[in-house]
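Q: File my_file.cif follows (mmCIF, N, CA and C atoms):
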data_work
#
loop_
_atom_site.label_atom_id
_atom_site.label_comp_id
_atom_site.auth_asym_id
_atom_site.auth_seq_id
_atom_site.Cartn_x
_atom_site.Cartn_y
_atom_site.Cartn_z
N VAL A 39 84.42 67.30 -30.01
CA VAL A 39 84.48 66.12 -30.87
C VAL A 39 84.44 66.56 -32.33
N GLN A 40 85.38 66.05 -33.10
CA GLN A 40 85.39 66.32 -34.53
C GLN A 40 85.36 65.01 -35.28
N LEU A 41 84.46 64.92 -36.24
CA LEU A 41 84.32 63.72 -37.06
C LEU A 41 84.61 64.09 -38.51
N VAL A 42 85.48 63.35 -39.15
CA VAL A 42 85.86 63.64 -40.53
C VAL A 42 85.67 62.39 -41.37
N GLU A 43 84.73 62.48 -42.31
CA GLU A 43 84.45 61.36 -43.20
C GLU A 43 85.33 61.44 -44.44
N SER A 44 85.62 60.29 -45.00
CA SER A 44 86.38 60.21 -46.24
C SER A 44 86.03 58.92 -46.94
N GLY A 45 86.48 58.83 -48.22
CA GLY A 45 86.31 57.58 -48.95
C GLY A 45 85.19 57.61 -49.97
N GLY A 46 84.44 58.69 -50.01
CA GLY A 46 83.38 58.78 -51.01
C GLY A 46 83.95 58.95 -52.40
N GLY A 47 83.05 58.89 -53.39
CA GLY A 47 83.48 59.07 -54.75
C GLY A 47 82.42 58.63 -55.73
N LEU A 48 82.84 58.51 -56.98
CA LEU A 48 81.95 58.08 -58.06
C LEU A 48 82.25 56.62 -58.37
N VAL A 49 81.22 55.81 -58.40
CA VAL A 49 81.39 54.39 -58.67
C VAL A 49 80.23 53.91 -59.53
N GLN A 50 80.48 52.89 -60.33
CA GLN A 50 79.41 52.33 -61.15
C GLN A 50 78.54 51.40 -60.32
N ALA A 51 77.31 51.25 -60.74
CA ALA A 51 76.40 50.33 -60.07
C ALA A 51 77.04 48.95 -59.99
N GLY A 52 76.90 48.33 -58.83
CA GLY A 52 77.52 47.03 -58.59
C GLY A 52 78.89 47.12 -57.94
N GLY A 53 79.43 48.31 -57.91
CA GLY A 53 80.76 48.51 -57.34
C GLY A 53 80.75 48.63 -55.83
N SER A 54 81.94 48.91 -55.29
CA SER A 54 82.12 48.98 -53.84
C SER A 54 82.87 50.24 -53.45
N LEU A 55 82.62 50.68 -52.24
CA LEU A 55 83.37 51.77 -51.63
C LEU A 55 83.50 51.50 -50.15
N ARG A 56 84.58 52.01 -49.58
CA ARG A 56 84.76 51.92 -48.13
C ARG A 56 84.88 53.33 -47.57
N LEU A 57 83.93 53.70 -46.76
CA LEU A 57 83.96 54.99 -46.12
C LEU A 57 84.65 54.88 -44.77
N SER A 58 85.34 55.94 -44.39
CA SER A 58 85.99 56.01 -43.08
C SER A 58 85.53 57.27 -42.37
N CYS A 59 85.52 57.20 -41.06
CA CYS A 59 85.18 58.34 -40.23
C CYS A 59 86.18 58.39 -39.08
N ALA A 60 87.03 59.40 -39.11
CA ALA A 60 88.03 59.57 -38.08
C ALA A 60 87.52 60.53 -37.02
N ALA A 61 87.63 60.12 -35.77
CA ALA A 61 87.11 60.92 -34.67
C ALA A 61 88.24 61.45 -33.82
N SER A 62 88.12 62.69 -33.44
CA SER A 62 89.08 63.26 -32.50
C SER A 62 88.45 63.26 -31.12
N GLY A 63 89.26 63.53 -30.13
CA GLY A 63 88.73 63.57 -28.78
C GLY A 63 88.90 62.25 -28.06
N ARG A 64 88.66 62.29 -26.79
CA ARG A 64 88.85 61.11 -25.96
C ARG A 64 87.58 60.28 -25.88
N ALA A 65 87.76 59.09 -25.41
CA ALA A 65 86.63 58.20 -25.09
C ALA A 65 85.83 57.79 -26.32
N PHE A 66 86.45 57.78 -27.49
CA PHE A 66 85.76 57.30 -28.69
C PHE A 66 85.21 55.91 -28.46
N ASN A 67 85.98 55.09 -27.74
CA ASN A 67 85.59 53.69 -27.58
C ASN A 67 84.44 53.50 -26.61
N LEU A 68 83.90 54.57 -26.07
CA LEU A 68 82.77 54.45 -25.15
C LEU A 68 81.42 54.66 -25.82
N PHE A 69 81.43 55.06 -27.09
CA PHE A 69 80.19 55.51 -27.71
C PHE A 69 79.78 54.67 -28.92
N THR A 70 78.48 54.53 -29.07
CA THR A 70 77.94 53.98 -30.30
C THR A 70 78.15 55.00 -31.42
N MET A 71 78.51 54.50 -32.58
CA MET A 71 78.70 55.34 -33.75
C MET A 71 77.72 54.91 -34.84
N GLY A 72 77.32 55.87 -35.64
CA GLY A 72 76.37 55.56 -36.70
C GLY A 72 76.74 56.21 -38.01
N TRP A 73 76.23 55.63 -39.08
CA TRP A 73 76.32 56.20 -40.42
C TRP A 73 74.90 56.57 -40.88
N PHE A 74 74.79 57.73 -41.47
CA PHE A 74 73.54 58.21 -42.02
C PHE A 74 73.81 58.69 -43.45
N ARG A 75 72.76 58.92 -44.19
CA ARG A 75 72.93 59.47 -45.52
C ARG A 75 71.77 60.39 -45.86
N GLN A 76 72.04 61.32 -46.75
CA GLN A 76 71.01 62.25 -47.20
C GLN A 76 71.13 62.43 -48.70
N ALA A 77 70.10 62.03 -49.39
CA ALA A 77 70.03 62.19 -50.84
C ALA A 77 69.39 63.54 -51.15
N PRO A 78 69.64 64.08 -52.34
CA PRO A 78 69.06 65.37 -52.70
C PRO A 78 67.54 65.36 -52.58
N GLY A 79 67.01 66.35 -51.90
CA GLY A 79 65.57 66.48 -51.76
C GLY A 79 64.94 65.55 -50.74
N LYS A 80 65.78 64.79 -50.03
CA LYS A 80 65.26 63.83 -49.05
C LYS A 80 65.82 64.14 -47.67
N GLU A 81 65.15 63.60 -46.67
CA GLU A 81 65.63 63.76 -45.31
C GLU A 81 66.79 62.81 -45.05
N ARG A 82 67.60 63.18 -44.08
CA ARG A 82 68.69 62.30 -43.68
C ARG A 82 68.12 61.02 -43.08
N GLU A 83 68.71 59.89 -43.44
CA GLU A 83 68.20 58.61 -42.97
C GLU A 83 69.32 57.76 -42.38
N PHE A 84 68.94 56.95 -41.44
CA PHE A 84 69.86 56.02 -40.78
C PHE A 84 70.31 54.94 -41.75
N VAL A 85 71.59 54.60 -41.67
CA VAL A 85 72.13 53.52 -42.49
C VAL A 85 72.59 52.35 -41.61
N ALA A 86 73.43 52.65 -40.63
CA ALA A 86 73.98 51.57 -39.80
C ALA A 86 74.54 52.15 -38.51
N SER A 87 74.64 51.30 -37.49
CA SER A 87 75.27 51.72 -36.25
C SER A 87 76.07 50.56 -35.67
N ILE A 88 76.99 50.92 -34.79
CA ILE A 88 77.83 49.91 -34.14
C ILE A 88 78.07 50.35 -32.71
N ASN A 89 77.97 49.41 -31.78
CA ASN A 89 78.14 49.78 -30.38
C ASN A 89 79.61 49.98 -30.04
N TRP A 90 79.88 50.36 -28.81
CA TRP A 90 81.23 50.76 -28.42
C TRP A 90 82.26 49.67 -28.65
N SER A 91 81.87 48.42 -28.46
CA SER A 91 82.83 47.32 -28.56
C SER A 91 82.84 46.67 -29.93
N GLY A 92 81.90 47.05 -30.76
CA GLY A 92 81.84 46.44 -32.09
C GLY A 92 81.08 45.13 -32.11
N THR A 93 80.48 44.76 -31.01
CA THR A 93 79.80 43.46 -30.94
C THR A 93 78.35 43.51 -31.38
N THR A 94 77.80 44.70 -31.46
CA THR A 94 76.39 44.84 -31.86
C THR A 94 76.28 45.85 -32.99
N THR A 95 75.67 45.43 -34.07
CA THR A 95 75.46 46.32 -35.21
C THR A 95 73.99 46.32 -35.60
N GLU A 96 73.57 47.40 -36.19
CA GLU A 96 72.21 47.52 -36.70
C GLU A 96 72.28 48.13 -38.09
N TYR A 97 71.34 47.73 -38.94
CA TYR A 97 71.33 48.21 -40.31
C TYR A 97 69.91 48.59 -40.73
N ALA A 98 69.84 49.60 -41.58
CA ALA A 98 68.58 49.87 -42.26
C ALA A 98 68.33 48.71 -43.23
N ASP A 99 67.07 48.49 -43.52
CA ASP A 99 66.74 47.41 -44.45
C ASP A 99 67.46 47.57 -45.78
N SER A 100 67.62 48.80 -46.21
CA SER A 100 68.27 49.06 -47.50
C SER A 100 69.75 48.70 -47.49
N ALA A 101 70.33 48.59 -46.30
CA ALA A 101 71.76 48.31 -46.18
C ALA A 101 72.06 46.85 -45.85
N LYS A 102 71.09 46.14 -45.36
CA LYS A 102 71.32 44.76 -44.93
C LYS A 102 71.80 43.90 -46.08
N GLY A 103 72.85 43.15 -45.82
CA GLY A 103 73.40 42.25 -46.82
C GLY A 103 74.34 42.89 -47.82
N ARG A 104 74.40 44.22 -47.83
CA ARG A 104 75.29 44.92 -48.76
C ARG A 104 76.33 45.78 -48.06
N PHE A 105 75.99 46.33 -46.92
CA PHE A 105 76.89 47.22 -46.18
C PHE A 105 77.35 46.55 -44.90
N THR A 106 78.56 46.88 -44.49
CA THR A 106 79.09 46.38 -43.22
C THR A 106 79.75 47.52 -42.46
N ILE A 107 79.30 47.74 -41.24
CA ILE A 107 79.90 48.74 -40.39
C ILE A 107 80.89 48.08 -39.45
N SER A 108 82.00 48.75 -39.21
CA SER A 108 83.01 48.22 -38.30
C SER A 108 83.73 49.39 -37.66
N ARG A 109 84.54 49.09 -36.66
CA ARG A 109 85.29 50.16 -36.02
C ARG A 109 86.63 49.64 -35.53
N ASP A 110 87.57 50.57 -35.43
CA ASP A 110 88.88 50.29 -34.87
C ASP A 110 89.10 51.32 -33.78
N ASN A 111 88.88 50.92 -32.55
CA ASN A 111 88.98 51.88 -31.44
C ASN A 111 90.41 52.37 -31.22
N ALA A 112 91.38 51.57 -31.60
CA ALA A 112 92.77 52.01 -31.46
C ALA A 112 93.08 53.16 -32.40
N LYS A 113 92.32 53.24 -33.49
CA LYS A 113 92.53 54.30 -34.48
C LYS A 113 91.44 55.37 -34.43
N ASN A 114 90.52 55.24 -33.47
CA ASN A 114 89.40 56.18 -33.37
C ASN A 114 88.66 56.33 -34.71
N THR A 115 88.43 55.22 -35.36
CA THR A 115 87.85 55.26 -36.70
C THR A 115 86.73 54.24 -36.83
N VAL A 116 85.69 54.67 -37.53
CA VAL A 116 84.59 53.77 -37.86
C VAL A 116 84.51 53.70 -39.38
N TYR A 117 84.14 52.54 -39.88
CA TYR A 117 84.13 52.29 -41.32
C TYR A 117 82.74 51.87 -41.79
N LEU A 118 82.50 52.10 -43.07
CA LEU A 118 81.31 51.56 -43.71
C LEU A 118 81.73 50.98 -45.05
N GLN A 119 81.76 49.66 -45.10
CA GLN A 119 82.07 48.96 -46.35
C GLN A 119 80.77 48.78 -47.11
N MET A 120 80.74 49.31 -48.32
CA MET A 120 79.53 49.25 -49.13
C MET A 120 79.82 48.46 -50.40
N SER A 121 78.99 47.51 -50.70
CA SER A 121 79.14 46.72 -51.91
C SER A 121 77.80 46.62 -52.62
N SER A 122 77.85 46.11 -53.83
CA SER A 122 76.63 46.01 -54.66
C SER A 122 75.88 47.34 -54.69
N LEU A 123 76.62 48.39 -54.89
CA LEU A 123 76.02 49.73 -54.83
C LEU A 123 75.03 49.95 -55.96
N ARG A 124 74.02 50.74 -55.65
CA ARG A 124 72.94 51.03 -56.58
C ARG A 124 72.83 52.54 -56.76
N PRO A 125 72.25 52.99 -57.86
CA PRO A 125 72.05 54.44 -58.00
C PRO A 125 71.28 55.05 -56.84
N GLY A 126 70.39 54.29 -56.24
CA GLY A 126 69.62 54.77 -55.10
C GLY A 126 70.45 54.98 -53.85
N ASP A 127 71.70 54.52 -53.86
CA ASP A 127 72.59 54.76 -52.72
C ASP A 127 73.29 56.11 -52.81
N THR A 128 73.09 56.80 -53.92
CA THR A 128 73.71 58.11 -54.10
C THR A 128 73.22 59.08 -53.02
N ALA A 129 74.16 59.65 -52.30
CA ALA A 129 73.83 60.53 -51.18
C ALA A 129 75.12 61.07 -50.58
N VAL A 130 74.95 62.04 -49.70
CA VAL A 130 76.05 62.44 -48.82
C VAL A 130 75.96 61.56 -47.58
N TYR A 131 77.07 60.94 -47.23
CA TYR A 131 77.12 60.03 -46.10
C TYR A 131 77.79 60.72 -44.92
N TYR A 132 77.15 60.61 -43.77
CA TYR A 132 77.63 61.25 -42.55
C TYR A 132 77.86 60.20 -41.46
N CYS A 133 78.88 60.43 -40.67
CA CYS A 133 78.99 59.62 -39.46
C CYS A 133 78.60 60.47 -38.27
N SER A 134 78.22 59.81 -37.21
CA SER A 134 77.73 60.52 -36.04
C SER A 134 78.02 59.72 -34.78
N LYS A 135 78.18 60.45 -33.71
CA LYS A 135 78.41 59.86 -32.41
C LYS A 135 77.12 59.94 -31.60
N ARG A 136 76.75 58.84 -31.01
CA ARG A 136 75.53 58.82 -30.21
C ARG A 136 75.84 59.10 -28.75
N VAL A 137 75.13 60.06 -28.21
CA VAL A 137 75.26 60.41 -26.80
C VAL A 137 73.92 60.13 -26.15
N GLY A 138 73.88 59.14 -25.28
CA GLY A 138 72.60 58.74 -24.74
C GLY A 138 71.77 58.08 -25.82
N THR A 139 70.63 58.63 -26.09
CA THR A 139 69.75 58.08 -27.12
C THR A 139 69.74 58.92 -28.39
N GLU A 140 70.55 59.95 -28.41
CA GLU A 140 70.54 60.84 -29.56
C GLU A 140 71.89 60.91 -30.25
N TYR A 141 71.85 61.08 -31.56
CA TYR A 141 73.07 61.34 -32.31
C TYR A 141 73.28 62.85 -32.29
N LYS A 142 74.36 63.27 -31.62
CA LYS A 142 74.54 64.70 -31.38
C LYS A 142 75.72 65.32 -32.09
N HIS A 143 76.63 64.51 -32.54
CA HIS A 143 77.81 65.05 -33.19
C HIS A 143 77.86 64.52 -34.61
N TRP A 144 78.14 65.43 -35.55
CA TRP A 144 78.10 65.06 -36.97
C TRP A 144 79.34 65.56 -37.69
N GLY A 145 79.75 64.79 -38.71
CA GLY A 145 80.81 65.24 -39.58
C GLY A 145 80.24 66.07 -40.72
N GLU A 146 81.13 66.46 -41.64
CA GLU A 146 80.71 67.28 -42.78
C GLU A 146 80.14 66.43 -43.92
N GLY A 147 80.41 65.15 -43.88
CA GLY A 147 79.89 64.25 -44.89
C GLY A 147 80.85 63.99 -46.03
N THR A 148 80.59 62.89 -46.73
CA THR A 148 81.35 62.55 -47.93
C THR A 148 80.36 62.10 -49.00
N GLN A 149 80.55 62.60 -50.20
CA GLN A 149 79.62 62.34 -51.29
C GLN A 149 79.88 60.97 -51.91
N VAL A 150 78.81 60.21 -52.06
CA VAL A 150 78.85 58.94 -52.79
C VAL A 150 77.90 59.06 -53.97
N THR A 151 78.42 58.82 -55.15
CA THR A 151 77.60 58.88 -56.36
C THR A 151 77.74 57.55 -57.09
N VAL A 152 76.60 56.92 -57.34
CA VAL A 152 76.58 55.63 -58.02
C VAL A 152 75.92 55.83 -59.39
N SER A 153 76.66 55.56 -60.42
CA SER A 153 76.14 55.73 -61.77
C SER A 153 75.56 54.41 -62.28
N SER A 154 74.56 54.53 -63.13
CA SER A 154 73.90 53.32 -63.66
C SER A 154 74.55 52.86 -64.95
#
Could the structure of this file be written out as C-alpha cells, please?
A:
Amino acid sequence: VQLVESGGGLVQAGGSLRLSCAASGRAFNLFTMGWFRQAPGKEREFVASINWSGTTTEYADSAKGRFTISRDNAKNTVYLQMSSLRPGDTAVYYCSKRVGTEYKHWGEGTQVTVSS
C-alpha cells in the first residue's frame, strides 16, 4: 500500500486548503482512512477519519466545524477540506489506512503552514 498526500501549502489565517491522499493497491474501499498531523516539537495527533463507505466520520475537537473528510472510492482517494485555518493548524498532515484497530500504513505527509 502506498499513500501519497498532496495539496498542502502556505495560506493566511482564515483561508482554506484541500488535502488529497491517493492510495495504491486493491481494496481501498474496504478500509477506514484517517488524517493525522504533527506540528514541530509535538506528537502526531488524530484529525479525522472516515469509514469505508463514507457514511461515518469522526473529528478531533480542534477540527470539528472547520474540517471535512470525504472519500472517492472510485478514485482511491481521501480528502480533507480545511477552512477557517489558524496558525495552530500548521503541521505536516498525514493520511493513514486503518487495519483492524490500528493505523498501520502512512504517507510521507504534506506541509500546511498558516500565517497570521
Q: Which residues, named as in the file, does the PyMOL selection byres (((chain A and resi 115 and name CA) around 10) and name CA) pick out? Answer as a list in words.
A: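 With the shown file as input, the PyMOL selection byres (((chain A and resi 115 and name CA) around 10) and name CA) matches Leu41, Val42, Glu43, Ser58, Cys59, Ala60, Ala61, Ser62, Phe66, Asn67, Met71, Ser108, Arg109, Asp110, Asn111, Ala112, Lys113, Asn114, Val116 and Tyr117 of chain A.
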Q: Counting all atoms listed in the file, what are the residues of range 118-144 of chain A within 7 Å of range 75-92 of chain A, and for each of them which pair of atoms is the nearest and at what distance in Å, to one decimal? Sort the table by chain and rising number, as a tab-separated table.
A:
residue	atom	partner	partner_atom	distance
A:Thr128	C	A:Ala77	CA	5.0
A:Ala129	CA	A:Gln76	C	4.1
A:Val130	N	A:Gln76	C	4.0
A:Tyr131	CA	A:Arg75	CA	4.3
A:Tyr132	N	A:Arg75	CA	4.7
Q: In Å, with one decimal, what is the gap from atom N of Val39 in chain A to atom N of His143 in chain A?
A: 8.7 Å
Q: Distance CA of Asp99 in chain A-CA of Val152 in chain A, one decimal place?
A: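 Atom-to-atom, CA of Asp99 in chain A to CA of Val152 in chain A, that is 18.7 Å.
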Q: Could you give me, as a PDB file with N, CA and C atoms, in the coordinates of the input, each residue of range 51-153 of chain A that DSSP assigns to helix (DSSP H, G or I) when run on this structure's backbone?
A:
ATOM      1  N   PHE A  66      86.450  57.780 -27.490  1.00  0.00           N
ATOM      2  CA  PHE A  66      85.760  57.300 -28.690  1.00  0.00           C
ATOM      3  C   PHE A  66      85.210  55.910 -28.460  1.00  0.00           C
ATOM      4  N   ASN A  67      85.980  55.090 -27.740  1.00  0.00           N
ATOM      5  CA  ASN A  67      85.590  53.690 -27.580  1.00  0.00           C
ATOM      6  C   ASN A  67      84.440  53.500 -26.610  1.00  0.00           C
ATOM      7  N   LEU A  68      83.900  54.570 -26.070  1.00  0.00           N
ATOM      8  CA  LEU A  68      82.770  54.450 -25.150  1.00  0.00           C
ATOM      9  C   LEU A  68      81.420  54.660 -25.820  1.00  0.00           C
ATOM     10  N   ASN A 111      88.880  50.920 -32.550  1.00  0.00           N
ATOM     11  CA  ASN A 111      88.980  51.880 -31.440  1.00  0.00           C
ATOM     12  C   ASN A 111      90.410  52.370 -31.220  1.00  0.00           C
ATOM     13  N   ALA A 112      91.380  51.570 -31.600  1.00  0.00           N
ATOM     14  CA  ALA A 112      92.770  52.010 -31.460  1.00  0.00           C
ATOM     15  C   ALA A 112      93.080  53.160 -32.400  1.00  0.00           C
ATOM     16  N   LYS A 113      92.320  53.240 -33.490  1.00  0.00           N
ATOM     17  CA  LYS A 113      92.530  54.300 -34.480  1.00  0.00           C
ATOM     18  C   LYS A 113      91.440  55.370 -34.430  1.00  0.00           C
ATOM     19  N   PRO A 125      72.250  52.990 -57.860  1.00  0.00           N
ATOM     20  CA  PRO A 125      72.050  54.440 -58.000  1.00  0.00           C
ATOM     21  C   PRO A 125      71.280  55.050 -56.840  1.00  0.00           C
ATOM     22  N   GLY A 126      70.390  54.290 -56.240  1.00  0.00           N
ATOM     23  CA  GLY A 126      69.620  54.770 -55.100  1.00  0.00           C
ATOM     24  C   GLY A 126      70.450  54.980 -53.850  1.00  0.00           C
ATOM     25  N   ASP A 127      71.700  54.520 -53.860  1.00  0.00           N
ATOM     26  CA  ASP A 127      72.590  54.760 -52.720  1.00  0.00           C
ATOM     27  C   ASP A 127      73.290  56.110 -52.810  1.00  0.00           C
TER      28      ASP A 127
END
Q: Using atom N of Val150 in chain A and atom N of Gly46 in chain A as the two end points, give the distance in Å to one decimal.
A: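 Pair atom N of Val150 in chain A / atom N of Gly46 in chain A returns 6.2 Å.
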Q: Which residue gives the smallest distance to Ser134 in chain A among A:Gly72, A:Gly63, A:Leu48, A:Tyr97, with all atoms listed in the file counted?
A: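 Among A:Gly72, A:Gly63, A:Leu48, A:Tyr97, it is A:Gly72 that comes nearest to Ser134 in chain A.
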Q: Evaluate the PyMOL selection byres (((chain A and resi 49 and name CA) around 10) and name CA) against this structure - the residues, as a PyMOL selection string, please.
A: chain A and resi 46-48+50-55+123-125+128+150-154
Q: Got a sec to tell me which of chain A DSSP assigns to strand (DSSP E or B), as an NGL selection string?
A: :A and (41-44 or 47-50 or 55-61 or 71-76 or 83-88 or 95-97 or 105-110 or 115-120 or 129-137 or 140-144 or 148-153)
Q: Could you check which of A:Ser44, A:Gln149, A:Thr70, A:Thr94 is closest to Asp127 in chain A, using only C-alpha atoms?
A: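 Selected residue with least distance to Asp127 in chain A: A:Gln149.
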